[in-house]
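Chemist: Structure below; questions to follow.
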Amino acid sequence: MSDNYQENINRNTLLFGKDIEERIVGTHQISENKVRLYIRNGNAVESRDESYYPFFFLSEEMLLDGFAPANDEKYWLIKLQGGNFYRFLAIFKSQYNYRNALDYVASKSRSSSDEENDSGFPSNLTYSRGDAVTQFLLQTGKTLFKGMVFEDLYRMQLDIETYYKPEKSTRSKVSIGSDPIIIISLSDNRGWEHVIHTKEISEKELLLELVKIIRLKDPDVIEGHNIFSFDLSYIQRRCELHGVALRIGRDGSEPRSYPASIRFAERSIDYPFFDIAGRHVIDTFFLVQNYDVAKRSMPGYGLKVAAKFFGFASPDRTYVEYSEIADLWDKNPERLLDYALDDVRETEQIAALLSGNNFYMTRMMPYTYAQTSRMGPAAKIEALFVREYLKEKHSLPKPEIGQQHTGGFTEVFLKGILGPIVYADVESLYPSIMLSYDICPKSDERRIFPKILTDLKDLRFEAKKSAKEEKKKGNNALANNYDAMQASFKILINAMYGYLGFSIGIFNDYEEADRVTTTGQEIARRMIKEFESRGCKVIEVDTDGILFVPPPHIQSKKDEINLVEEVSSVMPKGITIGYDGRFRKMISYLKKNYALLDYDGTIKLKGSSLISRSGEKFGREFIRKGFEKLLDEDVQGLHDLYVSYKEMILNHQWAIDDFSRTETLKNTMEQYTADTESGKRPRSITYELALKRNLSVNKGDRITYYVSGSGLQSSHYDKGRLADEWNRSKPDENTQFYLKRLDEFTQKFLPFFKPQDFSSIFSSDTLFSFSPEGIELIKEIRHKETDSVDDDDIPF
DNA sequence: AGCTGTGGCAGGGAGG
DNA sequence: CCTCCCTGCCAC
């Protein structure tokens with residue numbers, strides 16, 4: 001794979017090398033607005049005259065080969081890799097203040113005497129894929145002018161309802177465009193709301209009305225929850241069926257859609273991207289998921305769940321089940337219209353909360369707002385590099401082949417039920433190391449890496465300061481904007497380390513990535529040693545954070561803070577340890593798996609073995625409640641809990657949500673069948689179920705299922721049933737299987753008891769009544785000696 | 001086509 | 001049974 005990939009780079013790379021200019025053999029100015037560029041492989045490129053914009057001439061052909069501006073020989077724009085449009089725009093933005101450029105374009109278009117067109121752009125400007133300048137201008141539109149703040153964007157929200165009659169009650173996917181659209185609800189960020197529906201007009205008229213409204217309101221941004229995969233795809237399909245031209249672009253063009261994908265940590269989602277000329281389409285579904293990558297605290301990503309999570313859902317909000325929509329439309333349409341409006345209102349609030357950082361990021365990126373919103377951070381870092389290199393007329397390197405070898409230091413020293421607990425962590429560990437230890441990729445001959453990092457750090461500092469000042473003055477709106485700004489800097493700062501080890505980043509450097517992580521490990525060891533030497537019992541260390549029990553004479557919070565500050569003061573220059581919280585108790589279970597009991601009584605569980613969403617809900621609850629009992633040292637309560645769960649399972653006294661499991665399908669069905677048939681991967685219950693039920697599933701889809709049948713066999717992959725198929729009055733879930741699952745969950749409590757105590761607690765044997773008498777909790781288990789932390793060769 | 005990294009645990013199928 | 005290997009999910 002990697003060999004193929006390298007070959008691909010070589011084939012697609014036109015101008016990589018020591019110096020870009022070496023490949024340019026000559027330019028010839030044909031007229032004021034035309035230039036011919038000759039490059040070494042013999043291709044001659046003639047520019048087109050783009051009279052409305054004198055700075056650049058870009059065309060499809062030029063994108064393929066390269067171009068030079070007519071009036072200024074200093075600037076070159078070179079194609080680097082197939083399809084990597086963004087690498088061009090880096091220079092486009094960096095050489096000229098693009099906001100001024102856009103002001104210029106806007107003034108031109110305003111003065112053009114063109115009455116037919118209400119878009120603000122000349123109508124002779126046709127929108128086509130290859131025309132980079134046109135595309136750039138139309139996409140950016142008038143939305144990113146100098147001095148703008150996020151609130152200045154005119155944002156419109158859109159949501160559709162379709163007439164879906166559930167036939168067989170399975171939640172199998174509805175295919176795009178199969179049912180008519182009955183309601184389109186719209187709102188904007190200035191308090192306007194509007195709903196159109198098919199009680200009075202036909203679906204075709206509804207679609208025409210939508211086009212009319214969008215063109216009349218002329219929003220800069222169109223927002224929706226799952227708008228790419230659902231609303232826009234659906235609207236487009238219905239328009240096709242009715243022969244309606246969806247002319248919602250600022251130049252009157254129809255949306256251009258192409259397959260794209262987006263990644264959230266380990267998951268990758270395919271979706272059709274919609275490019276609407278002159279506007280930016282923002283999917284709040286992606287914003288929400290991106291938010292949760294860092295936080296990992298949301299119960300789900302649907303609009304309703306997200307709105308509740310962020311506290312936007314109004315108490316009298318209308319809720320309608322997906323399967324009820326058609327029925328409700330026939331019987332009580334008013335309620336459905338209310339529901340539809342609630343959707344757009346919530347979408348607006350989510351976007352307002354989560355879009356600010358993308359907006360401010362766009363100002364420093366050679367991408368449009370829409371692109372910035374759906375792009376990963378590594379590509380953004382690279383854009384900053386490319387901008388600087390092109391500005392300095394320096395060539396760009398190829399990615400290095402290889403891999404990173406090390407990561408963070410993780411160790412558990414003590415297991416059990418421990419307390420009191422102090423949590424401390426190194427502030428911005430990797431960025432601090434990169435700054436203090438002069439990290440820079442070797443291919444970065446101009447040494448841009450440290451410069452970008454320092455600049456971003458300073459910018460963030462300034463933005464944070466401004467946010468604070470504005471807040472003090474009571475300017476909350478402005479303070480929020482500065483806060484969004486500093487958040488966007490933070491995202492980039494944190495992504496810079498990841499970029500070093502990014503396999504196709506052109507400035508990657510695995511050795512430097514390793515140098516960051518190994519330095520981080522050394523710092524972690526040093527931190528352990530310093531806390532230990534001050535009488536602390538270190539429990540767990542993970543990368544940059546440490547959990548420990550302070551010595552007995554450290555009692556108050558203030559003492560704890562002083563202790564952390566003392567250790568911080570002996571750390572290497574540029575490395576600061578911050579006090580990050582205190583807890584009454586904790587349960588240390590495994591690496592990256594523990595429970596924390598706050599002083600206000602709340603419990604936080606961490607780690608995949610304790611809170612994994614792939615497990616059954618009843619299991620997670622059982623563990624959570626059990627850990628509560630454990631923290632209370634309530635052995636009787638633990639036993640009672642076990643017995644009550646066992647009875648619940650035996651008597652089927654539960655709901656489908658309690659025992660169903662939801663899994664994400666990471667591969668396509670084709671990939672799965674190919675892999676299983678070749679023996680490359682084992683069969684999996686979710687894919688098998690999708691095959692059996694003939695569900696049309698895509699990569700990234702989630703299936704909720706349970707295990708049916710009776711008895712325990714070695715494999716259950718053919719015993720799955722869809723959650724919707726479960727019937728409370730005729731429960732057919734596999735009781736033995738779920739009892740076995742309960743016993744698997746009880747294993748989490750194994751380390752805290754003697755074996756015979758453990759088996760008497762987790763037994764419902766009624767012959768002998770259970771008594772907690774004599775059962776002792778194992779509170780402290782030495783798992784690893786801190787002495788083994790070797791710090792002899794720490795080069796400080 | 002586009003893509004930030006490593007470390008760690010659980011679960012399940014397959015095969016010895 | 002046990003081990004191996006893969007996937008999915010999570011911590012940082």
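Every chain in the structure tokens has a letter given in the order shown (A, B, ...), and although residue numbers restart at 1 in each chain, ligands are simply numbered from 1 in the order shown.
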Using only C-alpha atoms (C1' of nucleotides), I'd like every residue of chain B that has an atom within 7 Å of chain A; please write them out as a PyMOL selection string.

Modeler: chain B and resi 1-2+4-10+13

Chemist: Check range 505-664 of chain A with DSSP on the backbone and list each residue it calls alpha helix (DSSP H), as a PyMOL selection string.

Modeler: chain A and resi 510-533+557-569+608-611+617-632+635-650+656-659

Chemist: Using only C-alpha atoms (C1' of nucleotides), which residues sit within 12 Å of DC4 in chain C once same-chain residues fewer than 5 positions away are excluded, as a PyMOL selection string?

Modeler: chain B and resi 13-16

Chemist: Provide as a PyMOL selection string the residues of chain C at most 10 Å from chain A, counting only C-alpha atoms (C1' of nucleotides).

Modeler: chain C and resi 5-12

Chemist: Dump C-alpha atoms (C1' of nucleotides) for the selected residues as a PDB file, in the first residue's frame?

Modeler:
```pdb
ATOM      1  C1'  DC C   5      -5.737 -11.757  15.822  1.00  0.00           C
ATOM      2  C1'  DC C   6      -8.961  -8.341  14.584  1.00  0.00           C
ATOM      3  C1'  DT C   7     -12.281  -4.631  15.555  1.00  0.00           C
ATOM      4  C1'  DG C   8     -14.254  -1.095  18.350  1.00  0.00           C
ATOM      5  C1'  DC C   9     -13.919   2.198  21.765  1.00  0.00           C
ATOM      6  C1'  DC C  10     -11.570   5.050  24.939  1.00  0.00           C
ATOM      7  C1'  DA C  11      -7.485   8.137  27.509  1.00  0.00           C
ATOM      8  C1'  DC C  12      -4.394  11.504  26.599  1.00  0.00           C
TER       9       DC C  12
END
```

Chemist: Could you give me the residues within range 174-341 of chain A that DSSP places in strand (DSSP E or B), as a short mmCIF file (atom, residue, chain, number, x, y, z; two decimals) with N, CA, C and O atoms, in the first residue's frame?

Modeler:
```
data_model
loop_
_atom_site.label_atom_id
_atom_site.label_comp_id
_atom_site.auth_asym_id
_atom_site.auth_seq_id
_atom_site.Cartn_x
_atom_site.Cartn_y
_atom_site.Cartn_z
N ILE A 181 -41.53 15.15 0.30
CA ILE A 181 -41.24 16.12 1.35
C ILE A 181 -42.55 16.83 1.68
O ILE A 181 -43.27 17.26 0.78
N ILE A 182 -42.87 16.93 2.97
CA ILE A 182 -44.12 17.59 3.33
C ILE A 182 -43.91 18.95 4.00
O ILE A 182 -44.72 19.84 3.90
N ILE A 183 -42.78 19.08 4.70
CA ILE A 183 -42.54 20.34 5.41
C ILE A 183 -41.09 20.77 5.19
O ILE A 183 -40.18 19.95 5.25
N ILE A 184 -40.89 22.04 4.96
CA ILE A 184 -39.55 22.61 5.01
C ILE A 184 -39.60 23.75 6.02
O ILE A 184 -40.39 24.68 5.88
N SER A 185 -38.78 23.63 7.06
CA SER A 185 -38.76 24.71 8.04
C SER A 185 -37.44 25.47 7.91
O SER A 185 -36.40 24.89 7.64
N LEU A 186 -37.54 26.78 8.07
CA LEU A 186 -36.39 27.65 7.88
C LEU A 186 -36.34 28.66 9.01
O LEU A 186 -37.35 29.04 9.58
N SER A 187 -35.11 29.06 9.33
CA SER A 187 -34.96 30.14 10.30
C SER A 187 -33.65 30.83 9.99
O SER A 187 -32.90 30.38 9.13
N ASP A 188 -33.37 31.93 10.67
CA ASP A 188 -32.06 32.55 10.51
C ASP A 188 -31.55 33.06 11.85
O ASP A 188 -32.22 32.90 12.89
N GLU A 193 -38.36 33.23 11.23
CA GLU A 193 -38.73 31.82 11.14
C GLU A 193 -39.80 31.66 10.08
O GLU A 193 -40.66 32.51 9.94
N HIS A 194 -39.74 30.53 9.40
CA HIS A 194 -40.71 30.36 8.33
C HIS A 194 -40.87 28.87 8.09
O HIS A 194 -39.91 28.12 8.09
N VAL A 195 -42.12 28.47 7.90
CA VAL A 195 -42.31 27.07 7.57
C VAL A 195 -43.24 26.96 6.37
O VAL A 195 -44.24 27.67 6.27
N ILE A 196 -42.84 26.15 5.41
CA ILE A 196 -43.70 25.93 4.25
C ILE A 196 -44.02 24.44 4.17
O ILE A 196 -43.21 23.61 4.60
N HIS A 197 -45.21 24.12 3.68
CA HIS A 197 -45.62 22.71 3.73
C HIS A 197 -46.61 22.41 2.61
O HIS A 197 -47.06 23.30 1.89
N VAL A 221 -24.58 31.55 4.82
CA VAL A 221 -24.35 30.21 5.35
C VAL A 221 -25.69 29.48 5.42
O VAL A 221 -26.71 30.08 5.77
N ILE A 222 -25.68 28.21 5.05
CA ILE A 222 -26.86 27.37 5.22
C ILE A 222 -26.49 26.25 6.18
O ILE A 222 -25.51 25.55 5.97
N GLU A 223 -27.26 26.14 7.25
CA GLU A 223 -26.93 25.17 8.29
C GLU A 223 -28.05 24.15 8.45
O GLU A 223 -29.21 24.45 8.24
N GLY A 224 -27.68 22.96 8.82
CA GLY A 224 -28.66 21.93 9.11
C GLY A 224 -28.01 20.80 9.86
O GLY A 224 -26.79 20.65 9.83
N ARG A 256 -23.36 21.75 -6.46
CA ARG A 256 -22.51 20.71 -7.00
C ARG A 256 -22.24 19.76 -5.84
O ARG A 256 -21.89 20.19 -4.74
N SER A 257 -22.45 18.48 -6.07
CA SER A 257 -22.22 17.56 -4.96
C SER A 257 -21.21 16.50 -5.37
O SER A 257 -21.16 16.07 -6.52
N TYR A 258 -20.38 16.13 -4.44
CA TYR A 258 -19.42 15.06 -4.71
C TYR A 258 -19.15 14.29 -3.43
O TYR A 258 -19.29 14.83 -2.32
N PRO A 259 -18.76 13.02 -3.56
CA PRO A 259 -18.55 12.21 -2.37
C PRO A 259 -17.37 12.71 -1.57
O PRO A 259 -16.34 13.06 -2.13
N ALA A 260 -17.52 12.76 -0.28
CA ALA A 260 -16.44 13.20 0.60
C ALA A 260 -16.49 12.35 1.86
O ALA A 260 -17.42 11.57 2.05
N SER A 261 -15.49 12.50 2.68
CA SER A 261 -15.54 11.77 3.95
C SER A 261 -14.94 12.64 5.03
O SER A 261 -14.17 13.54 4.78
N ILE A 262 -15.32 12.34 6.23
CA ILE A 262 -14.83 13.10 7.36
C ILE A 262 -14.48 12.12 8.46
O ILE A 262 -15.12 11.08 8.61
N ARG A 263 -13.46 12.46 9.21
CA ARG A 263 -13.02 11.55 10.28
C ARG A 263 -13.17 12.18 11.63
O ARG A 263 -12.82 13.33 11.84
N PHE A 264 -13.71 11.41 12.57
CA PHE A 264 -13.74 11.84 13.96
C PHE A 264 -12.99 10.80 14.74
O PHE A 264 -13.50 9.70 14.94
N ARG A 267 -13.36 7.02 13.81
CA ARG A 267 -14.46 6.76 12.89
C ARG A 267 -14.37 7.62 11.64
O ARG A 267 -13.92 8.75 11.69
N SER A 268 -14.79 7.05 10.54
CA SER A 268 -14.78 7.81 9.30
C SER A 268 -16.16 7.72 8.67
O SER A 268 -16.74 6.65 8.58
N ILE A 269 -16.69 8.85 8.27
CA ILE A 269 -18.05 8.89 7.74
C ILE A 269 -18.02 9.39 6.30
O ILE A 269 -17.42 10.42 6.01
N ASP A 270 -18.66 8.66 5.42
CA ASP A 270 -18.79 9.11 4.03
C ASP A 270 -20.07 9.90 3.88
O ASP A 270 -21.09 9.54 4.47
N TYR A 271 -20.01 10.94 3.12
CA TYR A 271 -21.21 11.74 2.92
C TYR A 271 -21.05 12.51 1.60
O TYR A 271 -19.94 12.70 1.12
N PRO A 272 -22.14 12.94 1.02
CA PRO A 272 -22.02 13.77 -0.18
C PRO A 272 -21.83 15.23 0.23
O PRO A 272 -22.65 15.77 0.96
N PHE A 273 -20.75 15.83 -0.21
CA PHE A 273 -20.55 17.24 0.10
C PHE A 273 -21.33 18.09 -0.90
O PHE A 273 -21.36 17.79 -2.08
N PHE A 274 -21.97 19.13 -0.42
CA PHE A 274 -22.71 20.03 -1.29
C PHE A 274 -22.04 21.39 -1.32
O PHE A 274 -21.81 22.00 -0.29
N ASP A 275 -21.73 21.79 -2.52
CA ASP A 275 -21.05 23.04 -2.73
C ASP A 275 -22.08 23.97 -3.37
O ASP A 275 -22.53 23.73 -4.46
N HIS A 280 -21.93 28.94 2.17
CA HIS A 280 -21.21 27.90 2.89
C HIS A 280 -22.23 26.99 3.54
O HIS A 280 -23.11 27.45 4.25
N VAL A 281 -22.10 25.71 3.27
CA VAL A 281 -23.02 24.76 3.91
C VAL A 281 -22.33 24.16 5.13
O VAL A 281 -21.21 23.65 5.04
N ILE A 282 -22.99 24.26 6.26
CA ILE A 282 -22.41 23.79 7.52
C ILE A 282 -23.32 22.73 8.12
O ILE A 282 -24.52 22.94 8.29
N ASP A 283 -22.75 21.58 8.40
CA ASP A 283 -23.52 20.50 9.01
C ASP A 283 -23.26 20.47 10.52
O ASP A 283 -22.16 20.15 10.97
#
```
